[in-house]
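Enquirer: Shown below is the structure under consideration.
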Amino acid sequence: MRSVARVLLAVAVLGLLCGCRKGPPRTNEVVAVTAAKIPLDPNDRAWEQAPEHLAKLIPQDLVEPRLLKPSTAEVLVQALTDGAGIAFRLRWLDASKNDAPRPGEFVDSCAVQVPRTIGPEPPAPQMGEAGRPVEVTLWRADWQAAVDGRGDTIRDLYPNAAVDHYPFDAQPLGPGSAAQKEMAQRYAPARALGNPRSGPRESPVEDLVAEGPGTLAPAARSGAKGKGVRTREGWSVVLSRRLPDGLAPRVRTQIAFAVWEGSREETGSRKMRTGWIPLLVRGEK
């Protein structure tokens, strides 16, 4: 009996010690702390100093096409700033990896949103309002896969597909020649028209702006960066952008988050999202 008691005591002590392990503190708002350099790697040790905010997600059920069935429940958020830029690490659970832009399939994504103008009354959290824009930084898993080296051709996306013939692969067209490039453009109309979402990606994120649902468009100025990595439980993504105008130490603004789960056919306005959450830049200690 004494040996059993010792084992039970050891288990209790171990549980107590594990429960007392200290991690980043939890906050009821998103708090950005100062870092000498903003890391893009979600696994960088610098993130260990940033407080965590557990943001609860709700379905987007205000505008069409609505999302009525809940999917992702929450996203864990941390923030770092170097005084010129600000980065957010988002982590959430997702049992499946969806990063291929195939017809009829959807990709995992996430986004952060801030008001363009800091003030006591922010615009509507649902993509802003007319004359009161919001700035959005969007990350997509398919763009990340492209940046990580996966091509965007039919052979890359469908490795078991058999292709009979591509006109731009015809023998008379020398590889890399002007004639071949012109023919390839002819069969890639979106790329030929300068669609910013077509073709190989250099970055897995982009800057957007909106003044209400249905108005989302590329931002006039960009520069956002990011990186996402697949974890055993889901995704860990860093979104980095310039510091919003007027945001300084001990100044609060608002921020909102969105997550798309590709396996649930979430895309566009069909997403899980938050309302406005206070965002504070902590001053130097």
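Labeling convention for the structure tokens: chains A, B, ... as they appear, residues from 1 per chain, ligands from 1 in order of appearance.
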Contacts between range 269-280 of chain A and range 32-115 of chain A, please, where a residue of range 32-115 of chain A counts if it comes within 12 Å (with only C-alpha atoms); show its shortest atom pair and distance in Å to one decimal, rows by chain and ascending number, as JSON lines.

Expert:
```
{"residue": "A:Ala32", "atom": "CA", "partner": "A:Leu280", "partner_atom": "CA", "distance": 6.2}
{"residue": "A:Val33", "atom": "CA", "partner": "A:Leu280", "partner_atom": "CA", "distance": 8.8}
{"residue": "A:Thr34", "atom": "CA", "partner": "A:Leu280", "partner_atom": "CA", "distance": 11.5}
{"residue": "A:Pro51", "atom": "CA", "partner": "A:Leu280", "partner_atom": "CA", "distance": 11.4}
{"residue": "A:His53", "atom": "CA", "partner": "A:Ile277", "partner_atom": "CA", "distance": 9.7}
{"residue": "A:Leu54", "atom": "CA", "partner": "A:Ile277", "partner_atom": "CA", "distance": 10.7}
{"residue": "A:Ala55", "atom": "CA", "partner": "A:Thr274", "partner_atom": "CA", "distance": 7.2}
{"residue": "A:Lys56", "atom": "CA", "partner": "A:Thr274", "partner_atom": "CA", "distance": 6.6}
{"residue": "A:Leu57", "atom": "CA", "partner": "A:Arg273", "partner_atom": "CA", "distance": 5.0}
{"residue": "A:Ile58", "atom": "CA", "partner": "A:Met272", "partner_atom": "CA", "distance": 5.4}
{"residue": "A:Pro59", "atom": "CA", "partner": "A:Met272", "partner_atom": "CA", "distance": 4.6}
{"residue": "A:Gln60", "atom": "CA", "partner": "A:Lys271", "partner_atom": "CA", "distance": 5.8}
{"residue": "A:Asp61", "atom": "CA", "partner": "A:Arg270", "partner_atom": "CA", "distance": 8.3}
{"residue": "A:Leu62", "atom": "CA", "partner": "A:Ser269", "partner_atom": "CA", "distance": 9.4}
{"residue": "A:Val63", "atom": "CA", "partner": "A:Ser269", "partner_atom": "CA", "distance": 7.6}
{"residue": "A:Glu64", "atom": "CA", "partner": "A:Ser269", "partner_atom": "CA", "distance": 7.2}
{"residue": "A:Pro65", "atom": "CA", "partner": "A:Arg270", "partner_atom": "CA", "distance": 6.2}
{"residue": "A:Arg66", "atom": "CA", "partner": "A:Arg270", "partner_atom": "CA", "distance": 5.6}
{"residue": "A:Leu67", "atom": "CA", "partner": "A:Arg270", "partner_atom": "CA", "distance": 4.9}
{"residue": "A:Leu68", "atom": "CA", "partner": "A:Arg270", "partner_atom": "CA", "distance": 8.7}
{"residue": "A:Lys69", "atom": "CA", "partner": "A:Met272", "partner_atom": "CA", "distance": 9.5}
{"residue": "A:Pro70", "atom": "CA", "partner": "A:Met272", "partner_atom": "CA", "distance": 7.3}
{"residue": "A:Ser71", "atom": "CA", "partner": "A:Met272", "partner_atom": "CA", "distance": 7.1}
{"residue": "A:Thr72", "atom": "CA", "partner": "A:Met272", "partner_atom": "CA", "distance": 6.6}
{"residue": "A:Ala73", "atom": "CA", "partner": "A:Met272", "partner_atom": "CA", "distance": 8.1}
{"residue": "A:Glu74", "atom": "CA", "partner": "A:Met272", "partner_atom": "CA", "distance": 8.9}
{"residue": "A:Val75", "atom": "CA", "partner": "A:Arg273", "partner_atom": "CA", "distance": 9.5}
{"residue": "A:Val77", "atom": "CA", "partner": "A:Leu279", "partner_atom": "CA", "distance": 11.0}
{"residue": "A:Gln78", "atom": "CA", "partner": "A:Leu279", "partner_atom": "CA", "distance": 10.6}
{"residue": "A:Ala79", "atom": "CA", "partner": "A:Leu279", "partner_atom": "CA", "distance": 9.2}
{"residue": "A:Leu80", "atom": "CA", "partner": "A:Leu280", "partner_atom": "CA", "distance": 10.8}
{"residue": "A:Thr81", "atom": "CA", "partner": "A:Leu280", "partner_atom": "CA", "distance": 10.8}
{"residue": "A:Ile86", "atom": "CA", "partner": "A:Leu279", "partner_atom": "CA", "distance": 11.2}
{"residue": "A:Phe88", "atom": "CA", "partner": "A:Leu279", "partner_atom": "CA", "distance": 11.1}
{"residue": "A:Trp92", "atom": "CA", "partner": "A:Met272", "partner_atom": "CA", "distance": 11.7}
{"residue": "A:Phe106", "atom": "CA", "partner": "A:Arg270", "partner_atom": "CA", "distance": 11.1}
{"residue": "A:Val107", "atom": "CA", "partner": "A:Lys271", "partner_atom": "CA", "distance": 11.6}
{"residue": "A:Asp108", "atom": "CA", "partner": "A:Lys271", "partner_atom": "CA", "distance": 10.3}
{"residue": "A:Ser109", "atom": "CA", "partner": "A:Lys271", "partner_atom": "CA", "distance": 9.4}
{"residue": "A:Cys110", "atom": "CA", "partner": "A:Lys271", "partner_atom": "CA", "distance": 9.2}
{"residue": "A:Ala111", "atom": "CA", "partner": "A:Arg273", "partner_atom": "CA", "distance": 9.2}
{"residue": "A:Val112", "atom": "CA", "partner": "A:Arg273", "partner_atom": "CA", "distance": 9.7}
{"residue": "A:Gln113", "atom": "CA", "partner": "A:Trp276", "partner_atom": "CA", "distance": 9.0}
{"residue": "A:Val114", "atom": "CA", "partner": "A:Trp276", "partner_atom": "CA", "distance": 8.7}
{"residue": "A:Pro115", "atom": "CA", "partner": "A:Trp276", "partner_atom": "CA", "distance": 9.7}
```

Enquirer: Write the residues of the selection above to a file with N, CA and C atoms, as a short mmCIF file (atom, residue, chain, number, x, y, z; two decimals), in the first residue's frame.

Expert:
```cif
data_model
loop_
_atom_site.label_atom_id
_atom_site.label_comp_id
_atom_site.auth_asym_id
_atom_site.auth_seq_id
_atom_site.Cartn_x
_atom_site.Cartn_y
_atom_site.Cartn_z
N ALA A 32 1.08 44.11 -28.40
CA ALA A 32 2.32 44.00 -29.16
C ALA A 32 3.49 44.47 -28.31
N VAL A 33 4.49 43.64 -28.18
CA VAL A 33 5.67 44.00 -27.40
C VAL A 33 6.83 44.27 -28.36
N THR A 34 7.80 45.04 -27.87
CA THR A 34 8.92 45.47 -28.71
C THR A 34 9.93 44.35 -28.91
N PRO A 51 2.84 38.19 -25.23
CA PRO A 51 1.63 37.68 -24.58
C PRO A 51 0.68 37.06 -25.60
N HIS A 53 -3.28 36.13 -26.84
CA HIS A 53 -4.71 36.44 -26.74
C HIS A 53 -5.48 35.34 -27.45
N LEU A 54 -6.42 34.73 -26.75
CA LEU A 54 -7.25 33.68 -27.33
C LEU A 54 -8.50 34.32 -27.89
N ALA A 55 -8.55 34.46 -29.21
CA ALA A 55 -9.67 35.13 -29.87
C ALA A 55 -10.73 34.09 -30.25
N LYS A 56 -11.93 34.29 -29.77
CA LYS A 56 -13.04 33.41 -30.12
C LYS A 56 -13.60 33.80 -31.49
N LEU A 57 -13.84 32.80 -32.32
CA LEU A 57 -14.34 33.03 -33.67
C LEU A 57 -15.83 32.74 -33.76
N ILE A 58 -16.49 33.49 -34.62
CA ILE A 58 -17.92 33.31 -34.87
C ILE A 58 -18.15 33.23 -36.38
N PRO A 59 -19.22 32.56 -36.81
CA PRO A 59 -19.49 32.48 -38.25
C PRO A 59 -19.85 33.85 -38.83
N GLN A 60 -19.48 34.04 -40.09
CA GLN A 60 -19.87 35.25 -40.81
C GLN A 60 -21.29 35.03 -41.32
N ASP A 61 -22.26 35.58 -40.60
CA ASP A 61 -23.66 35.35 -40.93
C ASP A 61 -24.41 36.65 -41.22
N LEU A 62 -23.68 37.70 -41.64
CA LEU A 62 -24.30 39.01 -41.86
C LEU A 62 -24.57 39.31 -43.32
N VAL A 63 -23.68 38.86 -44.22
CA VAL A 63 -23.86 39.16 -45.64
C VAL A 63 -23.72 37.87 -46.44
N GLU A 64 -24.31 37.86 -47.64
CA GLU A 64 -24.24 36.68 -48.50
C GLU A 64 -22.89 36.63 -49.23
N PRO A 65 -22.38 35.40 -49.45
CA PRO A 65 -22.88 34.12 -48.96
C PRO A 65 -22.47 33.90 -47.50
N ARG A 66 -23.43 33.63 -46.67
CA ARG A 66 -23.21 33.50 -45.23
C ARG A 66 -22.60 32.15 -44.87
N LEU A 67 -22.03 32.11 -43.70
CA LEU A 67 -21.57 30.85 -43.10
C LEU A 67 -22.37 30.66 -41.83
N LEU A 68 -23.19 29.63 -41.80
CA LEU A 68 -24.10 29.43 -40.66
C LEU A 68 -23.63 28.33 -39.72
N LYS A 69 -22.77 27.43 -40.21
CA LYS A 69 -22.32 26.32 -39.38
C LYS A 69 -20.93 26.62 -38.84
N PRO A 70 -20.75 26.67 -37.52
CA PRO A 70 -19.42 26.96 -36.95
C PRO A 70 -18.40 25.91 -37.36
N SER A 71 -17.16 26.36 -37.53
CA SER A 71 -16.07 25.44 -37.83
C SER A 71 -14.92 25.70 -36.86
N THR A 72 -13.96 26.53 -37.23
CA THR A 72 -12.85 26.84 -36.34
C THR A 72 -13.35 27.64 -35.14
N ALA A 73 -13.01 27.18 -33.95
CA ALA A 73 -13.58 27.79 -32.74
C ALA A 73 -12.80 29.01 -32.27
N GLU A 74 -11.47 28.99 -32.41
CA GLU A 74 -10.66 30.06 -31.84
C GLU A 74 -9.31 30.12 -32.51
N VAL A 75 -8.65 31.26 -32.36
CA VAL A 75 -7.31 31.45 -32.89
C VAL A 75 -6.47 32.12 -31.81
N VAL A 77 -3.42 34.41 -30.72
CA VAL A 77 -2.76 35.54 -31.38
C VAL A 77 -1.66 36.11 -30.50
N GLN A 78 -0.51 36.41 -31.12
CA GLN A 78 0.58 37.14 -30.47
C GLN A 78 1.04 38.24 -31.42
N ALA A 79 1.68 39.29 -30.87
CA ALA A 79 2.11 40.42 -31.70
C ALA A 79 3.46 40.94 -31.25
N LEU A 80 4.29 41.30 -32.23
CA LEU A 80 5.60 41.91 -31.99
C LEU A 80 5.74 43.14 -32.89
N THR A 81 6.46 44.15 -32.43
CA THR A 81 6.72 45.34 -33.23
C THR A 81 8.16 45.81 -33.05
N ILE A 86 4.75 45.76 -37.67
CA ILE A 86 4.12 44.95 -36.63
C ILE A 86 3.78 43.59 -37.24
N PHE A 88 1.99 39.60 -36.51
CA PHE A 88 1.06 38.82 -35.71
C PHE A 88 1.28 37.34 -36.02
N TRP A 92 -4.04 28.07 -35.07
CA TRP A 92 -5.37 27.49 -34.90
C TRP A 92 -5.36 26.02 -35.30
N PHE A 106 -11.07 24.25 -51.98
CA PHE A 106 -10.81 25.53 -51.34
C PHE A 106 -9.59 25.40 -50.44
N VAL A 107 -8.96 26.53 -50.16
CA VAL A 107 -7.69 26.50 -49.44
C VAL A 107 -7.83 27.13 -48.06
N ASP A 108 -6.94 26.70 -47.16
CA ASP A 108 -6.87 27.28 -45.82
C ASP A 108 -6.27 28.69 -45.92
N SER A 109 -6.82 29.61 -45.12
CA SER A 109 -6.37 31.00 -45.17
C SER A 109 -6.59 31.65 -43.83
N CYS A 110 -5.97 32.82 -43.65
CA CYS A 110 -6.24 33.65 -42.48
C CYS A 110 -5.96 35.10 -42.83
N ALA A 111 -6.46 36.02 -42.02
CA ALA A 111 -6.28 37.44 -42.29
C ALA A 111 -6.37 38.24 -41.01
N VAL A 112 -5.70 39.40 -41.02
CA VAL A 112 -5.86 40.39 -39.95
C VAL A 112 -6.41 41.66 -40.58
N GLN A 113 -7.20 42.39 -39.81
CA GLN A 113 -7.85 43.62 -40.30
C GLN A 113 -7.72 44.72 -39.25
N VAL A 114 -7.34 45.91 -39.69
CA VAL A 114 -7.25 47.07 -38.80
C VAL A 114 -7.93 48.27 -39.46
N PRO A 115 -8.47 49.20 -38.68
CA PRO A 115 -9.01 50.43 -39.28
C PRO A 115 -7.87 51.25 -39.87
#
```

Enquirer: Residues at most 8 Å from range 222-230 of chain A, counting only C-alpha atoms, excluding those fewer than 2 positions away in the same chain, as a list in words?

Expert: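 Once the nearby chain positions are removed, what remains is Leu40, Asp41, Pro42, Lys97, Thr137, Trp139, Ala141, Gln144, Ser203, Pro204, Val205, Glu206, Asp207, Ala219, Ala220, Arg232, Gly234, Trp235, Ser236, Val237, Val238, Leu239, Ser240, Arg241 and Arg242 of chain A.
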
Enquirer: Leaving out range 181-195 of chain A and any residue of its chain fewer than 5 positions from it, which residues lie within 12 Å of it when counting only C-alpha atoms, given as a ChimeraX atom specification?

Expert: /A:152-153,166-170,172-176,200-201,218

Enquirer: Could you jot down the CA of Tyr158 in chain A to CA of Ala179 in chain A separation for me, Å, one decimal place?

Expert: 26.3 Å

Enquirer: Calculate how many Å separate CA of Phe257 in chain A from CA of Arg150 in chain A, rounding to one decimal.

Expert: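 According to the coordinates, CA of Phe257 in chain A and CA of Arg150 in chain A are separated by 27.4 Å.
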
Enquirer: Taking 2 positions as the minimum chain separation for residues in the same chain, which residues sit within 9 Å of Ile118 in chain A when counting only C-alpha atoms? Answer as a ChimeraX atom specification.

Expert: /A:114-116,120-122,244-247,252-254

Enquirer: Distance CA of Glu202 in chain A-CA of Glu261 in chain A, one decimal place?

Expert: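 Distance reported for this atom pair: 23.0 Å.
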
Enquirer: Apply DSSP to the backbone of this structure and, from range 79-118 of chain A, keep only the residues in strand (DSSP E or B); write these as a ChimeraX atom specification.

Expert: /A:79-81,85-93,109-115

Enquirer: Restrict the selected residues to N, CA and C atoms and save them as a PDB file, in the first residue's frame.

Expert:
```
ATOM      1  N   ALA A  79       1.681  39.290 -30.867  1.00  0.00           N
ATOM      2  CA  ALA A  79       2.108  40.418 -31.697  1.00  0.00           C
ATOM      3  C   ALA A  79       3.462  40.936 -31.249  1.00  0.00           C
ATOM      4  N   LEU A  80       4.293  41.304 -32.228  1.00  0.00           N
ATOM      5  CA  LEU A  80       5.602  41.910 -31.992  1.00  0.00           C
ATOM      6  C   LEU A  80       5.741  43.137 -32.892  1.00  0.00           C
ATOM      7  N   THR A  81       6.464  44.148 -32.427  1.00  0.00           N
ATOM      8  CA  THR A  81       6.722  45.341 -33.232  1.00  0.00           C
ATOM      9  C   THR A  81       8.159  45.807 -33.047  1.00  0.00           C
ATOM     10  N   GLY A  85       7.289  48.312 -38.117  1.00  0.00           N
ATOM     11  CA  GLY A  85       6.340  47.313 -38.563  1.00  0.00           C
ATOM     12  C   GLY A  85       5.750  46.573 -37.384  1.00  0.00           C
ATOM     13  N   ILE A  86       4.746  45.761 -37.669  1.00  0.00           N
ATOM     14  CA  ILE A  86       4.115  44.954 -36.629  1.00  0.00           C
ATOM     15  C   ILE A  86       3.779  43.595 -37.236  1.00  0.00           C
ATOM     16  N   ALA A  87       3.975  42.551 -36.460  1.00  0.00           N
ATOM     17  CA  ALA A  87       3.717  41.196 -36.941  1.00  0.00           C
ATOM     18  C   ALA A  87       2.811  40.466 -35.966  1.00  0.00           C
ATOM     19  N   PHE A  88       1.993  39.604 -36.506  1.00  0.00           N
ATOM     20  CA  PHE A  88       1.055  38.817 -35.711  1.00  0.00           C
ATOM     21  C   PHE A  88       1.281  37.337 -36.016  1.00  0.00           C
ATOM     22  N   ARG A  89       1.373  36.535 -34.958  1.00  0.00           N
ATOM     23  CA  ARG A  89       1.424  35.085 -35.140  1.00  0.00           C
ATOM     24  C   ARG A  89       0.060  34.516 -34.788  1.00  0.00           C
ATOM     25  N   LEU A  90      -0.552  33.840 -35.748  1.00  0.00           N
ATOM     26  CA  LEU A  90      -1.862  33.227 -35.568  1.00  0.00           C
ATOM     27  C   LEU A  90      -1.696  31.712 -35.583  1.00  0.00           C
ATOM     28  N   ARG A  91      -2.292  31.045 -34.594  1.00  0.00           N
ATOM     29  CA  ARG A  91      -2.258  29.585 -34.530  1.00  0.00           C
ATOM     30  C   ARG A  91      -3.664  29.063 -34.291  1.00  0.00           C
ATOM     31  N   TRP A  92      -4.041  28.069 -35.072  1.00  0.00           N
ATOM     32  CA  TRP A  92      -5.370  27.491 -34.905  1.00  0.00           C
ATOM     33  C   TRP A  92      -5.365  26.016 -35.301  1.00  0.00           C
ATOM     34  N   LEU A  93      -6.376  25.309 -34.839  1.00  0.00           N
ATOM     35  CA  LEU A  93      -6.519  23.886 -35.113  1.00  0.00           C
ATOM     36  C   LEU A  93      -7.185  23.665 -36.460  1.00  0.00           C
ATOM     37  N   SER A 109      -6.822  29.612 -45.124  1.00  0.00           N
ATOM     38  CA  SER A 109      -6.371  31.002 -45.174  1.00  0.00           C
ATOM     39  C   SER A 109      -6.591  31.653 -43.825  1.00  0.00           C
ATOM     40  N   CYS A 110      -5.973  32.821 -43.651  1.00  0.00           N
ATOM     41  CA  CYS A 110      -6.240  33.649 -42.478  1.00  0.00           C
ATOM     42  C   CYS A 110      -5.956  35.101 -42.833  1.00  0.00           C
ATOM     43  N   ALA A 111      -6.463  36.017 -42.019  1.00  0.00           N
ATOM     44  CA  ALA A 111      -6.282  37.440 -42.291  1.00  0.00           C
ATOM     45  C   ALA A 111      -6.375  38.241 -41.011  1.00  0.00           C
ATOM     46  N   VAL A 112      -5.705  39.398 -41.019  1.00  0.00           N
ATOM     47  CA  VAL A 112      -5.860  40.392 -39.955  1.00  0.00           C
ATOM     48  C   VAL A 112      -6.413  41.655 -40.584  1.00  0.00           C
ATOM     49  N   GLN A 113      -7.197  42.394 -39.808  1.00  0.00           N
ATOM     50  CA  GLN A 113      -7.848  43.617 -40.295  1.00  0.00           C
ATOM     51  C   GLN A 113      -7.723  44.716 -39.250  1.00  0.00           C
ATOM     52  N   VAL A 114      -7.344  45.915 -39.690  1.00  0.00           N
ATOM     53  CA  VAL A 114      -7.251  47.074 -38.796  1.00  0.00           C
ATOM     54  C   VAL A 114      -7.928  48.266 -39.461  1.00  0.00           C
ATOM     55  N   PRO A 115      -8.469  49.198 -38.679  1.00  0.00           N
ATOM     56  CA  PRO A 115      -9.007  50.425 -39.283  1.00  0.00           C
ATOM     57  C   PRO A 115      -7.868  51.247 -39.874  1.00  0.00           C
TER      58      PRO A 115
END
```

Enquirer: From range 58-241 of chain A, collect each residue whose DSSP state is helix (DSSP H, G or I) and return the set as number ranges by chain.

Expert: A: 141-147, 154-157, 167-169, 178-186, 189-192

Enquirer: Restricting it to N, CA, C and O atoms, dump the selection as a short mmCIF file (atom, residue, chain, number, x, y, z; two decimals), in the first residue's frame.

Expert:
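Written file, out.cif:
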```cif
data_model
loop_
_atom_site.label_atom_id
_atom_site.label_comp_id
_atom_site.auth_asym_id
_atom_site.auth_seq_id
_atom_site.Cartn_x
_atom_site.Cartn_y
_atom_site.Cartn_z
N ALA A 141 -2.80 29.36 -47.97
CA ALA A 141 -1.95 28.17 -47.94
C ALA A 141 -1.44 27.80 -49.32
O ALA A 141 -0.32 27.28 -49.45
N ASP A 142 -2.21 28.04 -50.38
CA ASP A 142 -1.73 27.71 -51.73
C ASP A 142 -0.60 28.64 -52.15
O ASP A 142 0.35 28.23 -52.81
N TRP A 143 -0.69 29.92 -51.75
CA TRP A 143 0.41 30.84 -52.04
C TRP A 143 1.67 30.42 -51.28
O TRP A 143 2.78 30.51 -51.80
N GLN A 144 1.49 29.95 -50.05
CA GLN A 144 2.64 29.49 -49.27
C GLN A 144 3.30 28.29 -49.95
O GLN A 144 4.53 28.20 -50.02
N ALA A 145 2.48 27.38 -50.45
CA ALA A 145 3.04 26.21 -51.13
C ALA A 145 3.83 26.63 -52.37
O ALA A 145 4.88 26.06 -52.66
N ALA A 146 3.33 27.65 -53.09
CA ALA A 146 4.04 28.13 -54.26
C ALA A 146 5.37 28.77 -53.88
O ALA A 146 6.40 28.54 -54.52
N VAL A 147 5.35 29.58 -52.82
CA VAL A 147 6.58 30.22 -52.35
C VAL A 147 7.57 29.16 -51.88
O VAL A 147 8.79 29.30 -52.05
N ILE A 154 -0.28 22.33 -64.47
CA ILE A 154 -1.13 21.14 -64.35
C ILE A 154 -0.31 19.95 -63.86
O ILE A 154 -0.75 19.17 -63.02
N ARG A 155 0.92 19.84 -64.34
CA ARG A 155 1.77 18.72 -63.92
C ARG A 155 2.11 18.81 -62.43
O ARG A 155 2.28 17.79 -61.77
N ASP A 156 2.24 20.04 -61.90
CA ASP A 156 2.54 20.20 -60.48
C ASP A 156 1.34 19.86 -59.62
O ASP A 156 1.47 19.22 -58.57
N LEU A 157 0.16 20.33 -60.04
CA LEU A 157 -1.04 20.15 -59.22
C LEU A 157 -1.66 18.77 -59.41
O LEU A 157 -2.34 18.27 -58.51
N PRO A 167 0.11 23.61 -76.72
CA PRO A 167 0.65 24.36 -77.87
C PRO A 167 1.97 25.05 -77.58
O PRO A 167 2.85 25.12 -78.45
N PHE A 168 2.14 25.54 -76.35
CA PHE A 168 3.38 26.25 -76.05
C PHE A 168 4.56 25.30 -75.80
O PHE A 168 5.68 25.76 -75.58
N ASP A 169 4.31 23.99 -75.84
CA ASP A 169 5.39 23.01 -75.73
C ASP A 169 5.76 22.43 -77.09
O ASP A 169 6.54 21.47 -77.16
N ALA A 178 11.20 33.85 -77.15
CA ALA A 178 10.13 34.85 -77.13
C ALA A 178 8.84 34.26 -77.67
O ALA A 178 7.75 34.55 -77.17
N ALA A 179 8.97 33.40 -78.70
CA ALA A 179 7.78 32.79 -79.29
C ALA A 179 7.09 31.87 -78.30
O ALA A 179 5.85 31.84 -78.20
N GLN A 180 7.87 31.12 -77.54
CA GLN A 180 7.27 30.22 -76.56
C GLN A 180 6.59 31.01 -75.44
O GLN A 180 5.49 30.67 -75.01
N LYS A 181 7.25 32.07 -74.97
CA LYS A 181 6.66 32.89 -73.91
C LYS A 181 5.36 33.53 -74.38
O LYS A 181 4.39 33.62 -73.63
N GLU A 182 5.34 33.99 -75.64
CA GLU A 182 4.12 34.62 -76.17
C GLU A 182 2.99 33.61 -76.26
O GLU A 182 1.85 33.90 -75.93
N MET A 183 3.31 32.39 -76.69
CA MET A 183 2.29 31.35 -76.78
C MET A 183 1.79 30.96 -75.39
O MET A 183 0.58 30.74 -75.19
N ALA A 184 2.69 30.89 -74.41
CA ALA A 184 2.27 30.55 -73.05
C ALA A 184 1.34 31.62 -72.49
O ALA A 184 0.36 31.30 -71.81
N GLN A 185 1.60 32.88 -72.77
CA GLN A 185 0.72 33.96 -72.31
C GLN A 185 -0.66 33.85 -72.94
O GLN A 185 -1.67 34.12 -72.30
N ARG A 186 -0.69 33.41 -74.21
CA ARG A 186 -1.96 33.30 -74.90
C ARG A 186 -2.89 32.29 -74.21
O ARG A 186 -4.11 32.45 -74.21
N PRO A 189 -4.74 33.59 -69.89
CA PRO A 189 -5.31 34.93 -70.06
C PRO A 189 -5.25 35.81 -68.81
O PRO A 189 -5.04 37.01 -68.92
N ALA A 190 -5.43 35.22 -67.63
CA ALA A 190 -5.38 36.04 -66.41
C ALA A 190 -3.99 36.65 -66.25
O ALA A 190 -3.84 37.83 -65.92
N ARG A 191 -2.96 35.84 -66.50
CA ARG A 191 -1.59 36.33 -66.38
C ARG A 191 -1.30 37.37 -67.46
O ARG A 191 -0.64 38.38 -67.21
N ALA A 192 -1.83 37.15 -68.66
CA ALA A 192 -1.61 38.09 -69.75
C ALA A 192 -2.23 39.45 -69.46
O ALA A 192 -1.72 40.48 -69.88
#
```
